[in-house]
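Have a look at the structure below before the remarks.
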Amino acid sequence: MAFLELRDIHKMYAVAPLLSGVSFAIERGEIACLLGPSGSGKTTLLRIIAGLEAPEKGSVWLEASDLTSVPTHRRGVVLMFQDYALFPHRTVAENVAFGIRDMRYGKPVKLSRGEIARRVAEMLALVGLEGFGDRDVNQLSGGEQQRVALARSLAPQPRLLLLDEPLGALDRTLRERLLEELPVILRRVGVTAITVTHDQEEAFALADRVILLHEGRVIQSGSPEAVYTAPRTAWVARFLGLDNLLPAIVSTQIPPQVVTPCGQFTLESQTPLPAPGTVGMLLIYPTGIHLAGRNVGLSRSPLQGGGDNAFSAIVSQRLYHGRTYAITLAAKDGYRLHCIQTIGDAPVAVGQTITGWVEPGALRWLDS
Ligand code: ADP
Ligand code: MG
């Protein structure tokens, strides 16, 4: 049995189901990230795991024991709230010490002042706040408050740490820094953790495993790489920011070929496709599109024989992103395709008619 298991969790709000059969499992020491749009029930799910809310149906198992009748403070689960919920007008050390005094494996612990001070100092060092113990939490920056909240959450050595949008309240520079530091801190402690976010970049950077919520269920779960390279549905692809999607019909299974309004495409030879005539979607990864125009040579040679994997389009936008350009193409029938050019590529101009060529490895078939 896995370290944590959620089995068929159902939760209704008013008359509408919010969670309708959520199941997943997490191994000890794993950092998982629940990813889903705003309102998909992520916070509710964390509250159910922490015991702050009860599901109508389903159960939560931690280390092979059913938590259903175990009260919050005995679960050994700490939930770090989205707004940190620090105690105002208290010092940093008092905030961190609160966790130690009140809950450790659900049992009150009697520690000497010296032991508490040592543990507080250890936690502050862990989050990079040495010497901050005597400061008033109200005088801290947002990033420092976030670290105090993390130190307080880790202080009782929870079996499971739940982090609700841990970087949501921070500005971009700070977010990027903490995005690097947070997984390092969590791994150093070795705590099993579930973070929640609506931001796929954040999920990918933090997590060993991504769990995607859609319409009350887990629609896909796996390593960030597995989810990104093989989204299960068009919804998942779009949610991950992969929006080069064309309606497609299978023409042949071997070789795997599909027809779209913008042209015919051959996928990688080992790609399994459904029977000819099946309708679905073709996903094109932006990094696999290469451009050729009147003065633009292809950076890779196109497929041998025929016009497969090539499409015609007009360059409608070209945005400079530092080392790369983000190119938007208007292809046939109003379909928009995005691709990337690097500094070394022959430049294309807005308004120019070009030919795009797609590497077979950059194509995925999605069932509709
Ligand atoms: P997320 O964290 O993914 O944004 P939430 O778990 O906060 O989603 O909640 C999803 C929806 O469930 C909310 O938009 C709200 O409509 C509803 N909801 C959440 N909590 C309650 C509640 N206590 N009572 C009624 N409806 C609620
Ligand atoms: Mg939420």
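To be explicit about the labels: the chains of the structure tokens are called A, B, and onward in the order shown, and within each one the residues are counted from 1, while ligands get numbers from 1 in the order they are shown.
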
May I have a table of the residues of chain A lying at most 8 Å from ligand 2, giving each one's closest pair of atoms and their distance in Å to one decimal, counting only C-alpha atoms and all ligand atoms, ordered by chain and ascending residue number, as JSON lines?
{"residue": "A:Ser38", "atom": "CA", "partner": "ligand 2", "partner_atom_place_in_ligand_line": "1 (Mg)", "distance": 6.7}
{"residue": "A:Gly39", "atom": "CA", "partner": "ligand 2", "partner_atom_place_in_ligand_line": "1 (Mg)", "distance": 6.8}
{"residue": "A:Gly41", "atom": "CA", "partner": "ligand 2", "partner_atom_place_in_ligand_line": "1 (Mg)", "distance": 6.9}
{"residue": "A:Lys42", "atom": "CA", "partner": "ligand 2", "partner_atom_place_in_ligand_line": "1 (Mg)", "distance": 5.5}
{"residue": "A:Thr43", "atom": "CA", "partner": "ligand 2", "partner_atom_place_in_ligand_line": "1 (Mg)", "distance": 4.2}
{"residue": "A:Thr44", "atom": "CA", "partner": "ligand 2", "partner_atom_place_in_ligand_line": "1 (Mg)", "distance": 7.3}
{"residue": "A:Gln82", "atom": "CA", "partner": "ligand 2", "partner_atom_place_in_ligand_line": "1 (Mg)", "distance": 7.6}
{"residue": "A:Asp164", "atom": "CA", "partner": "ligand 2", "partner_atom_place_in_ligand_line": "1 (Mg)", "distance": 6.7}
{"residue": "A:Glu165", "atom": "CA", "partner": "ligand 2", "partner_atom_place_in_ligand_line": "1 (Mg)", "distance": 7.1}
{"residue": "A:Val196", "atom": "CA", "partner": "ligand 2", "partner_atom_place_in_ligand_line": "1 (Mg)", "distance": 7.7}
{"residue": "A:Thr197", "atom": "CA", "partner": "ligand 2", "partner_atom_place_in_ligand_line": "1 (Mg)", "distance": 7.9}

* Asked: Quick one: residues within 8 Å of region 329-344 of chain A, only C-alpha atoms counted, chain neighbours fewer than 3 positions away excluded, as a list in words?
  ->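 Contacts, with the query itself left out: Asp243, Asn244, Leu245, Leu246, Pro261, Cys262, Tyr285, Pro286, Thr287, Gly288, Ile289, His290, Phe311, Ser312, Ala313, Ile314, Val315, Ser316, Gln317, Arg323, Thr324, Tyr325, Ala326 and Pro347 of chain A.
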
* Go through A:Arg119, A:Arg232, A:Arg113, A:Arg74 one by one, measure the shortest atom-to-atom distance of each to Arg152 (chain A) using only C-alpha atoms, and give the residue with the smallest value. => A:Arg119

* Quick one: distance from CA of Tyr320 (chain A) to CA of Leu167 (chain A) in Å, one decimal? ->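 CA of Leu167 (chain A) lies at a distance of 27.2 Å from CA of Tyr320 (chain A).
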
* DSSP says strand (DSSP E) for which residues of region 126-326 of chain A? Put them as a PyMOL selection string? -> chain A and resi 160-164+192-197+209-214+217-222+245-252+257-260+263-266+279-284+289-292+310-320+324-326

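Note that CA of Ala207 (chain A) and CA of Glu53 (chain A) are 25.0 Å apart.
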
* Asked: Skipping near chain neighbours, those fewer than 6 positions away, what residues fall within 12 Å of Ala125 (chain A) using only C-alpha atoms, listed as number ranges by chain?
  -> A: 93, 96, 118-119, 131-133, 147-148, 150-151, 155, 185

* Might you pull out every residue within 12 Å of region 211-225 of chain A, with only C-alpha atoms counted and same-chain residues fewer than 6 positions away left off, and present them as JSON, numbers by chain? => {"A": [6, 7, 8, 9, 10, 11, 12, 13, 16, 17, 18, 19, 20, 21, 22, 23, 24, 25, 26, 30, 31, 32, 33, 34, 35, 36, 37, 38, 39, 40, 41, 42, 43, 44, 45, 194, 195, 196, 197, 198, 199, 200, 201, 202, 203, 204, 205, 231, 232, 233, 234, 235, 236, 237, 239, 240]}

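Ranking A:Gln352, A:Asn138, A:Ser251, A:Ser69 by their shortest atom-to-atom distance to Val279 (chain A), with only C-alpha atoms included, puts A:Ser251 first.
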
* **Non-local contacts of Ala97 (chain A) (12 Å; only C-alpha atoms; under 3 positions in same chain excluded) as a PyMOL selection string** => chain A and resi 86-87+90-94+100-104+109+111-124+133+148-149+151-156

* When you draw a straight line from CA of Arg159 (chain A) to CA of Leu206 (chain A), how long is it in Å? ->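 We find that CA of Arg159 (chain A) and CA of Leu206 (chain A) lie 18.8 Å from each other.
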
* **Which of region 31-158 of chain A fall in alpha helix (DSSP H), as a PyMOL selection string** => chain A and resi 42-50+92-102+113-126+142-154

* Structure fact -> The residue from A:Leu163, A:Ala85, A:Met1, A:Leu126 with the smallest atom-to-atom distance to ligand 1, counting only C-alpha atoms and all ligand atoms, is A:Leu163

* To do: Would you please work out which residue, of A:Ala275, A:Met80, A:Leu4, A:Leu46, is nearest to ligand 1 when using only C-alpha atoms and all ligand atoms?
  =>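 Nearest to ligand 1: A:Leu46.
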
* **Nearest-residue call for Gly99 (chain A), choices A:Pro256, A:Gly241, A:Pro158, A:Gly51, using only C-alpha atoms** => A:Pro158

* In terms of the shortest atom-to-atom distance over only C-alpha atoms and all ligand atoms, which of A:Gly168, A:Gly76, A:Gly280, A:Pro88 is closest to ligand 1? ->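 That would be A:Gly168, the residue with the smallest distance to ligand 1.
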